[in-house]
$ cat entry-v2.txt   # compact mmCIF, C-alpha atoms and all ligand atoms
# COMPACT_ATOMS: atom_id res chain seq x y z
CA MET D 1 118.51 103.62 181.98
CA GLU D 2 118.20 101.71 178.70
CA LYS D 3 121.81 101.45 177.69
CA ILE D 4 123.97 98.75 179.18
CA ILE D 5 127.29 99.77 180.62
CA TYR D 6 129.65 96.85 180.27
CA MET D 7 132.47 96.81 182.81
CA ASP D 8 133.15 93.08 183.01
CA ASN D 9 135.80 92.76 180.31
CA ALA D 10 137.87 90.38 182.44
CA ALA D 11 135.00 87.88 182.19
CA THR D 12 134.67 88.21 178.45
CA THR D 13 134.58 90.83 175.69
CA SER D 14 132.38 91.38 172.66
CA VAL D 15 133.65 90.24 169.25
CA SER D 16 134.74 93.39 167.43
CA ASP D 17 133.36 94.23 163.97
CA ASP D 18 136.72 93.73 162.28
CA VAL D 19 137.17 90.34 163.94
CA LEU D 20 133.68 89.25 162.95
CA SER D 21 134.26 90.29 159.32
CA ALA D 22 137.50 88.31 159.27
CA MET D 23 135.72 85.23 160.63
CA LEU D 24 132.55 85.19 158.53
CA PRO D 25 133.99 83.82 155.23
CA TYR D 26 135.18 80.70 157.08
CA PHE D 27 131.68 79.60 158.07
CA LYS D 28 130.32 79.38 154.51
CA GLY D 29 132.58 80.14 151.53
CA LYS D 30 135.84 78.80 152.96
CA PHE D 31 134.30 76.02 155.03
CA GLY D 32 136.65 73.24 153.89
CA ASN D 33 138.48 70.94 156.26
CA PRO D 34 142.03 72.34 156.53
CA SER D 35 143.48 68.81 156.40
CA THR D 36 142.24 68.20 152.83
CA ILE D 37 144.25 68.82 149.68
CA TYR D 38 141.72 70.59 147.42
CA SER D 39 141.63 74.38 147.20
CA LEU D 40 138.64 74.76 149.49
CA GLY D 41 140.57 73.05 152.27
CA LYS D 42 143.72 74.98 151.45
CA ASP D 43 141.85 78.26 151.88
CA ALA D 44 140.96 77.20 155.39
CA ARG D 45 144.55 76.06 155.99
CA SER D 46 145.96 79.41 154.93
CA GLY D 47 143.50 81.17 157.24
CA ILE D 48 144.92 79.16 160.13
CA GLU D 49 148.55 79.67 159.11
CA ASN D 50 148.01 83.41 158.77
CA ALA D 51 146.53 83.49 162.28
CA ARG D 52 149.54 81.55 163.56
CA LYS D 53 151.81 84.26 162.13
CA GLN D 54 149.74 86.95 163.80
CA VAL D 55 149.85 85.24 167.18
CA ALA D 56 153.58 84.49 166.93
CA LYS D 57 154.33 88.10 166.03
CA ALA D 58 152.19 89.46 168.88
CA ILE D 59 154.10 87.54 171.57
CA GLY D 60 157.56 87.36 170.02
CA ALA D 61 157.42 83.62 169.21
CA LYS D 62 158.11 81.51 166.14
CA GLU D 63 155.10 80.24 164.18
CA LYS D 64 155.89 76.60 164.86
CA GLU D 65 155.74 77.32 168.58
CA ILE D 66 152.03 78.28 168.47
CA PHE D 67 149.36 75.58 168.95
CA PHE D 68 145.67 76.39 168.72
CA THR D 69 143.34 74.99 171.38
CA SER D 70 139.67 75.27 172.33
CA CYS D 71 140.16 77.85 175.12
CA GLY D 72 142.45 79.22 177.81
CA THR D 73 141.37 76.42 180.12
CA GLU D 74 142.48 73.76 177.63
CA SER D 75 145.83 75.51 177.15
CA ASP D 76 146.37 75.52 180.93
CA ASN D 77 145.36 71.87 181.26
CA TRP D 78 147.60 70.80 178.41
CA ALA D 79 150.63 72.76 179.58
CA ILE D 80 150.36 71.56 183.17
CA LYS D 81 149.38 67.93 182.67
CA GLY D 82 151.68 67.67 179.65
CA ALA D 83 154.70 68.88 181.64
CA ALA D 84 153.73 66.82 184.67
CA PHE D 85 153.42 63.57 182.72
CA ALA D 86 156.66 64.28 180.85
CA GLY D 87 158.31 65.04 184.20
CA ILE D 88 157.23 61.82 185.86
CA LYS D 89 159.11 59.85 183.20
CA LYS D 90 162.28 61.54 184.45
CA GLY D 91 161.40 60.92 188.08
CA LYS D 92 160.17 64.48 188.66
CA ASN D 93 156.88 64.73 190.52
CA HIS D 94 156.91 68.25 192.01
CA ILE D 95 154.94 71.25 190.78
CA ILE D 96 155.12 74.85 191.98
CA THR D 97 152.22 77.26 191.61
CA SER D 98 150.62 80.11 193.56
CA LYS D 99 147.52 80.46 195.72
CA ILE D 100 145.95 83.06 193.42
CA GLU D 101 145.86 81.18 190.12
CA HIS D 102 142.71 80.92 188.00
CA HIS D 103 140.75 77.73 188.64
CA ALA D 104 141.87 76.43 185.23
CA VAL D 105 145.33 76.14 186.79
CA LEU D 106 144.47 75.51 190.46
CA HIS D 107 142.00 72.71 189.80
CA THR D 108 144.35 71.08 187.29
CA VAL D 109 147.16 71.14 189.83
CA ASN D 110 144.78 69.87 192.54
CA TYR D 111 143.93 66.96 190.26
CA LEU D 112 147.63 66.14 189.90
CA ALA D 113 148.09 66.45 193.67
CA LYS D 114 145.37 63.82 194.12
CA ASN D 115 147.22 61.62 191.64
CA GLY D 116 150.60 61.43 193.27
CA PHE D 117 152.25 64.78 192.56
CA ASP D 118 153.70 67.02 195.26
CA VAL D 119 152.49 70.58 194.90
CA THR D 120 153.84 73.77 196.46
CA TYR D 121 151.28 76.59 196.57
CA LEU D 122 153.22 79.81 197.00
CA ASP D 123 151.87 82.64 199.14
CA VAL D 124 151.51 86.15 197.78
CA ASP D 125 151.98 89.47 199.58
CA HIS D 126 149.10 91.81 200.52
CA ASN D 127 148.99 93.16 196.96
CA GLY D 128 148.99 89.73 195.37
CA LEU D 129 152.64 89.75 194.31
CA ILE D 130 154.72 86.59 194.23
CA ASN D 131 158.29 86.88 195.46
CA PRO D 132 160.67 85.36 192.87
CA GLU D 133 162.96 84.31 195.74
CA ASP D 134 160.15 82.08 197.01
CA VAL D 135 160.06 80.36 193.64
CA LYS D 136 163.82 79.88 193.76
CA ASN D 137 163.68 78.40 197.28
CA ALA D 138 160.84 76.05 196.38
CA ILE D 139 162.60 74.46 193.40
CA THR D 140 164.10 71.02 194.08
CA ASP D 141 165.67 68.43 191.80
CA LYS D 142 162.19 66.84 191.64
CA THR D 143 160.50 69.95 190.22
CA ALA D 144 158.89 69.25 186.85
CA LEU D 145 157.07 72.56 186.39
CA VAL D 146 156.55 76.06 187.71
CA THR D 147 153.21 77.61 186.71
CA ILE D 148 152.54 81.22 187.71
CA MET D 149 149.97 83.52 186.14
CA TYR D 150 151.07 86.62 184.23
CA ALA D 151 148.36 88.88 185.60
CA ASN D 152 145.56 88.13 188.02
CA ASN D 153 142.00 88.12 186.68
CA GLU D 154 140.42 89.38 189.90
CA ILE D 155 142.75 91.99 191.34
CA GLY D 156 144.77 92.85 188.22
CA THR D 157 148.21 92.39 189.82
CA ILE D 158 150.97 91.82 187.23
CA GLU D 159 153.50 89.26 188.46
CA PRO D 160 157.31 89.50 188.08
CA ILE D 161 157.26 86.99 185.24
CA LYS D 162 160.63 87.89 183.74
CA GLU D 163 162.41 87.35 187.07
CA ILE D 164 160.60 84.08 187.78
CA GLY D 165 161.32 82.93 184.22
CA LYS D 166 165.02 83.69 184.65
CA ILE D 167 165.20 81.63 187.83
CA CYS D 168 163.46 78.67 186.18
CA ARG D 169 165.72 78.89 183.13
CA GLU D 170 168.83 78.88 185.34
CA LYS D 171 167.53 75.89 187.30
CA GLY D 172 166.45 74.06 184.14
CA VAL D 173 162.80 73.84 185.22
CA ILE D 174 159.92 74.28 182.73
CA PHE D 175 158.06 77.54 183.30
CA HIS D 176 154.43 77.99 182.22
CA THR D 177 152.42 81.18 182.59
CA ASP D 178 148.67 81.63 182.29
CA ALA D 179 148.72 84.90 180.34
CA VAL D 180 145.02 84.92 179.53
CA GLN D 181 144.54 88.31 181.21
CA ALA D 182 147.81 89.73 179.91
CA VAL D 183 148.00 89.01 176.18
CA GLY D 184 146.23 91.76 174.23
CA HIS D 185 146.23 93.96 177.34
CA ILE D 186 149.88 94.62 178.14
CA PRO D 187 153.02 93.98 176.06
CA VAL D 188 154.06 90.34 176.34
CA ASN D 189 157.22 88.85 174.83
CA VAL D 190 158.03 85.21 175.46
CA LEU D 191 161.76 85.69 174.85
CA GLU D 192 162.22 88.68 177.13
CA ASP D 193 160.02 87.03 179.74
CA ASN D 194 161.99 83.74 179.74
CA VAL D 195 158.77 81.79 179.33
CA ASP D 196 158.65 78.14 178.16
CA MET D 197 154.87 77.85 177.78
CA LEU D 198 152.15 80.48 177.71
CA SER D 199 148.34 80.25 177.57
CA LEU D 200 146.10 82.80 175.88
CA SER D 201 142.42 83.02 175.01
CA ALA D 202 140.66 84.95 172.22
CA HIS D 203 137.51 86.02 174.03
CA LYS D 204 139.43 88.14 176.52
CA PHE D 205 140.58 90.51 173.74
CA HIS D 206 137.56 90.80 171.43
CA GLY D 207 137.93 87.43 169.69
CA ALA D 208 135.33 84.66 169.90
CA LYS D 209 134.70 82.33 172.81
CA GLY D 210 135.95 78.76 172.51
CA VAL D 211 139.37 79.33 170.95
CA GLY D 212 142.77 79.78 172.53
CA ALA D 213 146.41 79.00 171.99
CA LEU D 214 149.37 77.54 173.80
CA TYR D 215 152.90 78.71 173.09
CA ILE D 216 155.45 75.94 173.57
CA ARG D 217 159.06 77.01 173.18
CA SER D 218 161.02 74.88 170.66
CA GLY D 219 162.88 72.16 172.48
CA VAL D 220 160.43 71.96 175.39
CA ARG D 221 158.95 68.47 175.39
CA ILE D 222 155.55 67.87 176.93
CA GLU D 223 153.00 65.09 176.46
CA THR D 224 150.07 65.61 174.11
CA PHE D 225 146.68 66.18 175.66
CA MET D 226 144.11 65.62 172.92
CA GLU D 227 144.73 62.33 171.13
CA GLY D 228 143.45 61.74 167.60
CA GLY D 229 144.35 63.10 164.17
CA ALA D 230 147.55 64.77 163.04
CA GLN D 231 146.44 68.38 163.45
CA GLU D 232 148.67 71.08 164.95
CA ASN D 233 151.88 69.29 164.09
CA LYS D 234 150.54 66.08 165.67
CA LYS D 235 150.41 67.77 169.06
CA ARG D 236 146.75 68.77 169.37
CA ALA D 237 144.27 66.54 167.56
CA GLY D 238 140.82 67.61 166.43
CA THR D 239 139.55 69.48 163.36
CA GLU D 240 140.48 73.10 163.87
CA ASN D 241 137.98 75.82 164.82
CA VAL D 242 138.97 77.63 161.63
CA ALA D 243 136.76 80.71 161.95
CA GLY D 244 137.61 81.05 165.63
CA ILE D 245 141.33 80.76 164.94
CA VAL D 246 141.17 83.33 162.11
CA GLY D 247 139.31 85.65 164.50
CA LEU D 248 141.91 85.08 167.23
CA GLY D 249 144.66 86.12 164.81
CA LYS D 250 142.84 89.29 163.80
CA ALA D 251 141.89 90.13 167.39
CA ILE D 252 145.43 89.75 168.74
CA GLU D 253 146.81 91.89 165.91
CA ILE D 254 144.33 94.69 166.64
CA ALA D 255 144.74 94.43 170.42
CA CYS D 256 148.53 94.70 170.23
CA GLU D 257 148.58 97.71 167.86
CA ASN D 258 149.72 100.85 169.73
CA ILE D 259 149.10 99.01 172.96
CA GLU D 260 151.15 101.42 175.09
CA GLU D 261 149.29 104.50 173.80
CA LYS D 262 145.91 102.87 174.28
CA ASN D 263 146.91 101.85 177.79
CA LYS D 264 147.82 105.41 178.74
CA ILE D 265 144.22 106.46 178.23
CA LEU D 266 142.75 103.27 179.64
CA SER D 267 144.75 103.55 182.85
CA GLN D 268 143.61 107.18 183.24
CA LYS D 269 140.04 105.92 183.16
CA ARG D 270 140.92 103.16 185.61
CA ASP D 271 142.63 105.58 187.99
CA LYS D 272 139.71 107.98 187.90
CA LEU D 273 137.34 105.17 188.80
CA ILE D 274 139.62 103.98 191.60
CA ASP D 275 140.11 107.46 193.04
CA GLU D 276 136.40 108.24 192.99
CA LEU D 277 135.33 104.94 194.54
CA LEU D 278 137.97 105.15 197.27
CA LYS D 279 136.24 108.34 198.47
CA ILE D 280 133.49 106.07 199.80
CA GLU D 281 134.16 105.54 203.50
CA ARG D 282 135.61 102.22 204.55
CA SER D 283 136.56 101.12 201.08
CA ARG D 284 139.87 99.62 200.03
CA LEU D 285 141.62 98.88 196.77
CA ASN D 286 142.61 95.25 196.20
CA GLY D 287 145.72 94.49 194.17
CA ASP D 288 148.86 96.46 193.49
CA ARG D 289 148.32 100.11 192.63
CA VAL D 290 151.24 100.28 190.17
CA ARG D 291 151.83 96.76 188.86
CA ARG D 292 148.24 96.57 187.72
CA LEU D 293 146.36 95.72 184.53
CA PRO D 294 145.32 98.99 182.86
CA GLY D 295 141.61 98.09 182.96
CA ASN D 296 141.28 96.49 186.40
CA VAL D 297 139.47 98.01 189.38
CA ASN D 298 138.79 95.87 192.46
CA ILE D 299 137.44 97.53 195.58
CA SER D 300 135.98 96.18 198.81
CA PHE D 301 133.30 98.04 200.75
CA GLU D 302 132.89 97.11 204.39
CA GLY D 303 129.44 96.21 205.65
CA ILE D 304 127.90 95.16 202.34
CA GLU D 305 127.40 91.97 200.42
CA GLY D 306 128.89 91.84 196.93
CA GLU D 307 126.04 89.83 195.42
CA SER D 308 123.44 92.43 196.45
CA LEU D 309 125.65 95.16 195.05
CA LEU D 310 125.83 93.31 191.72
CA LEU D 311 122.07 92.80 191.54
CA LEU D 312 121.39 96.49 192.16
CA LEU D 313 124.08 97.51 189.67
CA ASN D 314 122.41 95.26 187.13
CA MET D 315 119.14 97.11 187.72
CA ALA D 316 121.03 100.31 186.96
CA GLY D 317 122.24 98.78 183.67
CA ILE D 318 125.79 98.08 184.85
CA CYS D 319 127.52 94.72 184.30
CA ALA D 320 130.19 94.03 186.90
CA SER D 321 131.57 91.14 188.90
CA SER D 322 132.16 90.39 192.55
CA GLY D 323 135.13 88.11 192.06
CA SER D 324 135.72 85.97 189.02
CA ALA D 325 132.83 84.68 186.93
CA CYS D 326 133.68 81.22 188.15
CA THR D 327 133.19 82.06 191.83
CA SER D 328 130.03 84.15 191.52
CA GLY D 329 127.16 81.77 192.04
CA SER D 330 128.95 80.13 194.94
CA LEU D 331 129.02 81.81 198.31
CA ASP D 332 132.64 81.02 199.11
CA PRO D 333 134.69 84.18 199.20
CA SER D 334 137.26 84.48 196.44
CA HIS D 335 140.44 82.48 197.08
CA VAL D 336 142.41 85.41 195.67
CA LEU D 337 141.02 87.93 198.15
CA LEU D 338 141.60 85.52 201.02
CA ALA D 339 145.18 84.92 199.84
CA ILE D 340 145.96 88.66 200.00
CA GLY D 341 144.77 88.62 203.59
CA LEU D 342 141.20 89.94 203.51
CA VAL D 343 138.86 88.59 206.19
CA HIS D 344 135.72 86.85 204.93
CA GLU D 345 133.30 89.74 205.54
CA ILE D 346 135.43 92.21 203.62
CA ALA D 347 136.17 89.77 200.81
CA HIS D 348 132.41 89.33 200.42
CA GLY D 349 131.88 93.04 199.88
CA SER D 350 134.14 93.43 196.88
CA LEU D 351 133.46 94.65 193.40
CA ARG D 352 135.47 94.12 190.22
CA LEU D 353 134.98 96.55 187.37
CA SER D 354 137.08 95.66 184.32
CA LEU D 355 137.27 98.38 181.69
CA ASP D 356 138.36 98.40 178.10
CA ASN D 357 139.00 101.08 175.53
CA ASN D 358 135.30 101.30 174.66
CA ASN D 359 134.34 102.54 178.13
CA THR D 360 133.96 106.33 178.33
CA PHE D 361 134.61 108.89 181.07
CA GLU D 362 130.83 109.56 181.08
CA GLU D 363 130.20 105.91 181.86
CA ILE D 364 132.70 106.12 184.69
CA ASP D 365 130.86 109.13 186.16
CA TYR D 366 127.58 107.27 185.99
CA VAL D 367 129.04 104.14 187.62
CA VAL D 368 130.59 106.19 190.43
CA GLN D 369 127.23 107.83 191.08
CA GLU D 370 125.35 104.52 191.10
CA VAL D 371 127.88 102.69 193.29
CA ASN D 372 127.69 105.54 195.81
CA LYS D 373 123.88 105.33 195.93
CA ILE D 374 123.79 101.56 196.17
CA VAL D 375 126.51 101.23 198.81
CA LYS D 376 124.68 103.79 200.95
CA ARG D 377 121.37 102.02 200.46
CA LEU D 378 122.78 98.61 201.34
CA ARG D 379 124.64 99.93 204.35
CA ASP D 380 121.52 101.67 205.63
CA MET D 381 119.84 98.30 205.94
CA SER D 382 122.86 96.26 207.02
CA PRO D 383 123.14 95.10 210.65
CA LEU D 384 126.81 94.42 209.94
CA TRP D 385 127.40 98.04 208.97
CA GLU D 386 125.60 99.19 212.11
CA ARG D 387 127.97 97.08 214.18
CA ILE D 388 131.00 98.42 212.32
CA ILE D 389 129.93 102.02 212.95
CA LYS D 390 129.11 101.34 216.63
CA GLY D 391 132.53 99.76 217.10
CA GLU D 392 134.01 102.92 215.70
CA ASN D 393 132.15 105.13 218.17
CA LYS D 394 133.22 103.16 221.21
C1 LIG L 1 139.35 83.54 181.45
C2 LIG L 1 140.57 82.98 182.04
C3 LIG L 1 140.94 81.64 181.82
C4 LIG L 1 140.05 80.68 181.08
O1 LIG L 1 139.99 80.97 179.71
P1 LIG L 1 138.78 80.34 178.85
O2 LIG L 1 139.14 80.64 177.45
O3 LIG L 1 137.55 81.06 179.32
O4 LIG L 1 138.75 78.89 179.16
C5 LIG L 1 142.11 81.17 182.37
N1 LIG L 1 142.90 81.98 183.08
C6 LIG L 1 142.61 83.27 183.32
C7 LIG L 1 143.56 84.11 184.09
C8 LIG L 1 141.43 83.81 182.80
O5 LIG L 1 141.14 85.09 183.04

$ encode --input "entry-v2.txt" --output "structure tokens" --more "lines below"
Ligand SMILES: *Cc1c(COP(=O)(O)O)cnc(C)c1O
Amino acid sequence: MEKIIYMDNAATTSVSDDVLSAMLPYFKGKFGNPSTIYSLGKDARSGIENARKQVAKAIGAKEKEIFFTSCGTESDNWAIKGAAFAGIKKGKNHIITSKIEHHAVLHTVNYLAKNGFDVTYLDVDHNGLINPEDVKNAITDKTALVTIMYANNEIGTIEPIKEIGKICREKGVIFHTDAVQAVGHIPVNVLEDNVDMLSLSAHKFHGAKGVGALYIRSGVRIETFMEGGAQENKKRAGTENVAGIVGLGKAIEIACENIEEKNKILSQKRDKLIDELLKIERSRLNGDRVRRLPGNVNISFEGIEGESLLLLLNMAGICASSGSACTSGSLDPSHVLLAIGLVHEIAHGSLRLSLDNNNTFEEIDYVVQEVNKIVKRLRDMSPLWERIIKGENK
């Protein structure tokens, strides 16, 4: 097998040809610093302002509410620390989040917890859903921020963001959502969703790595994060990643075109993969079957070890993940899978395949065939599997 089958689009995506073509002029011809007044700099400036329009349009925001950053992680850090430090000035030191957030959120909140903030980590149900009532009950007059992800990067569950946003708006609490897995993948509208701040990242929808954006609703006051020059309306210092930003604008525009139609086909591919893999004995689907990202498949196989599965899939030319890219490499089971109630052994045997529109039905057939072979092979040599089967025969 020479060709590589890429099914790890939740980790990152390739830069599309159209995005690359849009970016290229800004490395050489239009290389000027956007803060200068000569034409060369103005060309760069208009590239950025055009991208700002594209991003604003894609999520239903105003241009002045879009701030470019260096990545999704920076957007999350800025939103959370910025709201926390603004909150403390008003005597508010409480933050609400969930147990299944990306580490960009969880570790930021942990940092604040170590520095005097009270944090509530909300539980999720067995499908990874947060109950909006739990958010409501957790809010106190000390709450500075609620931060809940739009869609989970591991199990694909889409959270009830609109309902949570409504509660926060009624209670007058700032609501941030990490929408890095959602924007460009499902329709997102900051007004309908009652969101105050939203993080997104270009490389998850065929833009370049190292560029993201934070939406901050007009009127929402948070502290700045990067101190320095007057860029981004004096809110995010540092010379802009012009080519990256231009690419982000192009990528979000393309990703959001006919998104519902594209998702019909993508979710058919996803469902085929899920249905076929669930035919393997003692397998289970992780995440909500219906409220699910159109490209996400996450399945656990009892009696096997996810890392071995990934290595053998790699030998078959298939790129996949066992949890999130951040947790592979460590042997701790995914905090998301534990939060939805999986025991350690089962959490260890899980596989995430994240599809995008480029994946074909033929690729899905091949992956199903290879996963079947590999799971059988690993189980044949697994003492754990032997014990599971014996237990069954008792
Ligand atoms: C990828 C990801 C991030 C981090 O974005 P970067 O641009 O890679 O820093 C944050 N949150 C979620 C949900 C993600 O999937």

$ closest_residue --input "entry-v2.txt" --among "D:Tyr26, D:Trp78, D:Ile222, D:Glu133" --to "Lys90 of chain D" --atoms "all atoms listed in the file"
D:Ile222

$ residues_near_point --input "entry-v2.txt" --point "(146.5, 93.2, 169.1)" --cutoff "9 Å" --atoms "only C-alpha atoms" --output "list in words"
Gln54, Val55, Ala58, Val183, Gly184, His185, Phe205, Gly249, Lys250, Ala251, Ile252, Glu253, Ile254, Ala255, Cys256, Glu257, Asn258 and Ile259 of chain D

$ closest_residue --input "entry-v2.txt" --among "D:Glu170, D:Glu362, D:Glu345, D:Glu74" --to "Asn194 of chain D" --atoms "all atoms listed in the file"
D:Glu170

$ atom_distance --input "entry-v2.txt" --atom1 "atom CA of Leu40 of chain D" --atom2 "atom CA of Ile245 of chain D"
16.8 Å

$ residues_near_ligand --input "entry-v2.txt" --ligand "ligand LIG 1 (chain L)" --cutoff "6 Å" --atoms "all atoms listed in the file" --output "short mmCIF file (atom, residue, chain, number, x, y, z; two decimals) with C-alpha atoms, in the frame of the given file"
data_model
loop_
_atom_site.label_atom_id
_atom_site.label_comp_id
_atom_site.auth_asym_id
_atom_site.auth_seq_id
_atom_site.Cartn_x
_atom_site.Cartn_y
_atom_site.Cartn_z
CA CYS D 71 140.16 77.85 175.12
CA GLY D 72 142.45 79.22 177.81
CA THR D 73 141.37 76.42 180.12
CA HIS D 102 142.71 80.92 188.00
CA ALA D 104 141.87 76.43 185.23
CA ASN D 152 145.56 88.13 188.02
CA ASN D 153 142.00 88.12 186.68
CA ASP D 178 148.67 81.63 182.29
CA VAL D 180 145.02 84.92 179.53
CA GLN D 181 144.54 88.31 181.21
CA SER D 201 142.42 83.02 175.01
#

$ residues_around --input "entry-v2.txt" --residues "segment 211-216 of chain D" --least-positions-apart "3" --cutoff "10 Å" --atoms "all atoms listed in the file" --output "ChimeraX atom specification"
/D:52,55-56,59,61-76,78-79,176-180,190,195-204,207-208,219-222,240-248

$ atom_distance --input "entry-v2.txt" --atom1 "atom CA of Thr108 of chain D" --atom2 "atom CA of Gly295 of chain D"
27.5 Å

$ residues_near_point --input "entry-v2.txt" --point "(148.8, 81.8, 191.4)" --cutoff "8 Å" --atoms "all atoms listed in the file" --output "list in words"
Thr97, Ser98, Lys99, Ile100, Glu101, His102, Leu106, Tyr121, Leu122, Thr147, Ile148, Met149 and Asn152 of chain D

$ residues_around --input "entry-v2.txt" --residues "Asn372 of chain D" --least-positions-apart "5" --cutoff "9 Å" --atoms "all atoms listed in the file" --output "ChimeraX atom specification"
/D:277,280,367,377

$ write_last_selection --input "entry-v2.txt" --atoms "C-alpha atoms" --output "PDB file, in the frame of the given file"
ATOM      1  CA  LEU D 277     135.330 104.940 194.540  1.00  0.00           C
ATOM      2  CA  ILE D 280     133.490 106.070 199.800  1.00  0.00           C
ATOM      3  CA  VAL D 367     129.040 104.140 187.620  1.00  0.00           C
ATOM      4  CA  ARG D 377     121.370 102.020 200.460  1.00  0.00           C
TER       5      ARG D 377
END

$ decode --input "entry-v2.txt" --residues "segment 105-116 of chain D" --atoms "N, CA, C and O atoms" --output "mmCIF file, in the first residue's frame"
data_model
loop_
_atom_site.group_PDB
_atom_site.id
_atom_site.type_symbol
_atom_site.label_atom_id
_atom_site.label_comp_id
_atom_site.auth_asym_id
_atom_site.auth_seq_id
_atom_site.Cartn_x
_atom_site.Cartn_y
_atom_site.Cartn_z
ATOM 1 N N VAL D 105 -7.899 24.668 26.990
ATOM 2 C CA VAL D 105 -8.825 25.264 27.956
ATOM 3 C C VAL D 105 -8.545 24.705 29.357
ATOM 4 O O VAL D 105 -8.363 25.465 30.317
ATOM 5 N N LEU D 106 -8.486 23.374 29.471
ATOM 6 C CA LEU D 106 -8.351 22.754 30.797
ATOM 7 C C LEU D 106 -7.085 23.212 31.513
ATOM 8 O O LEU D 106 -7.124 23.564 32.691
ATOM 9 N N HIS D 107 -5.968 23.210 30.796
ATOM 10 C CA HIS D 107 -4.712 23.591 31.459
ATOM 11 C C HIS D 107 -4.672 25.082 31.784
ATOM 12 O O HIS D 107 -4.044 25.488 32.758
ATOM 13 N N THR D 108 -5.346 25.888 30.982
ATOM 14 C CA THR D 108 -5.431 27.325 31.279
ATOM 15 C C THR D 108 -6.253 27.544 32.551
ATOM 16 O O THR D 108 -5.880 28.318 33.437
ATOM 17 N N VAL D 109 -7.358 26.832 32.642
ATOM 18 C CA VAL D 109 -8.217 26.948 33.821
ATOM 19 C C VAL D 109 -7.504 26.379 35.057
ATOM 20 O O VAL D 109 -7.576 26.956 36.143
ATOM 21 N N ASN D 110 -6.768 25.269 34.861
ATOM 22 C CA ASN D 110 -5.991 24.707 35.980
ATOM 23 C C ASN D 110 -4.981 25.724 36.506
ATOM 24 O O ASN D 110 -4.762 25.842 37.717
ATOM 25 N N TYR D 111 -4.368 26.433 35.573
ATOM 26 C CA TYR D 111 -3.397 27.468 35.953
ATOM 27 C C TYR D 111 -4.083 28.533 36.818
ATOM 28 O O TYR D 111 -3.547 28.961 37.849
ATOM 29 N N LEU D 112 -5.272 28.937 36.407
ATOM 30 C CA LEU D 112 -5.999 29.958 37.180
ATOM 31 C C LEU D 112 -6.406 29.403 38.547
ATOM 32 O O LEU D 112 -6.369 30.119 39.553
ATOM 33 N N ALA D 113 -6.760 28.107 38.572
ATOM 34 C CA ALA D 113 -7.150 27.483 39.840
ATOM 35 C C ALA D 113 -5.970 27.518 40.820
ATOM 36 O O ALA D 113 -6.153 27.717 42.014
ATOM 37 N N LYS D 114 -4.764 27.323 40.280
ATOM 38 C CA LYS D 114 -3.565 27.361 41.136
ATOM 39 C C LYS D 114 -3.256 28.782 41.582
ATOM 40 O O LYS D 114 -2.432 29.007 42.471
ATOM 41 N N ASN D 115 -3.858 29.756 40.902
ATOM 42 C CA ASN D 115 -3.568 31.155 41.213
ATOM 43 C C ASN D 115 -4.770 31.880 41.801
ATOM 44 O O ASN D 115 -4.999 33.061 41.517
ATOM 45 N N GLY D 116 -5.539 31.159 42.569
ATOM 46 C CA GLY D 116 -6.550 31.804 43.392
ATOM 47 C C GLY D 116 -7.974 31.780 42.871
ATOM 48 O O GLY D 116 -8.882 32.258 43.545
#
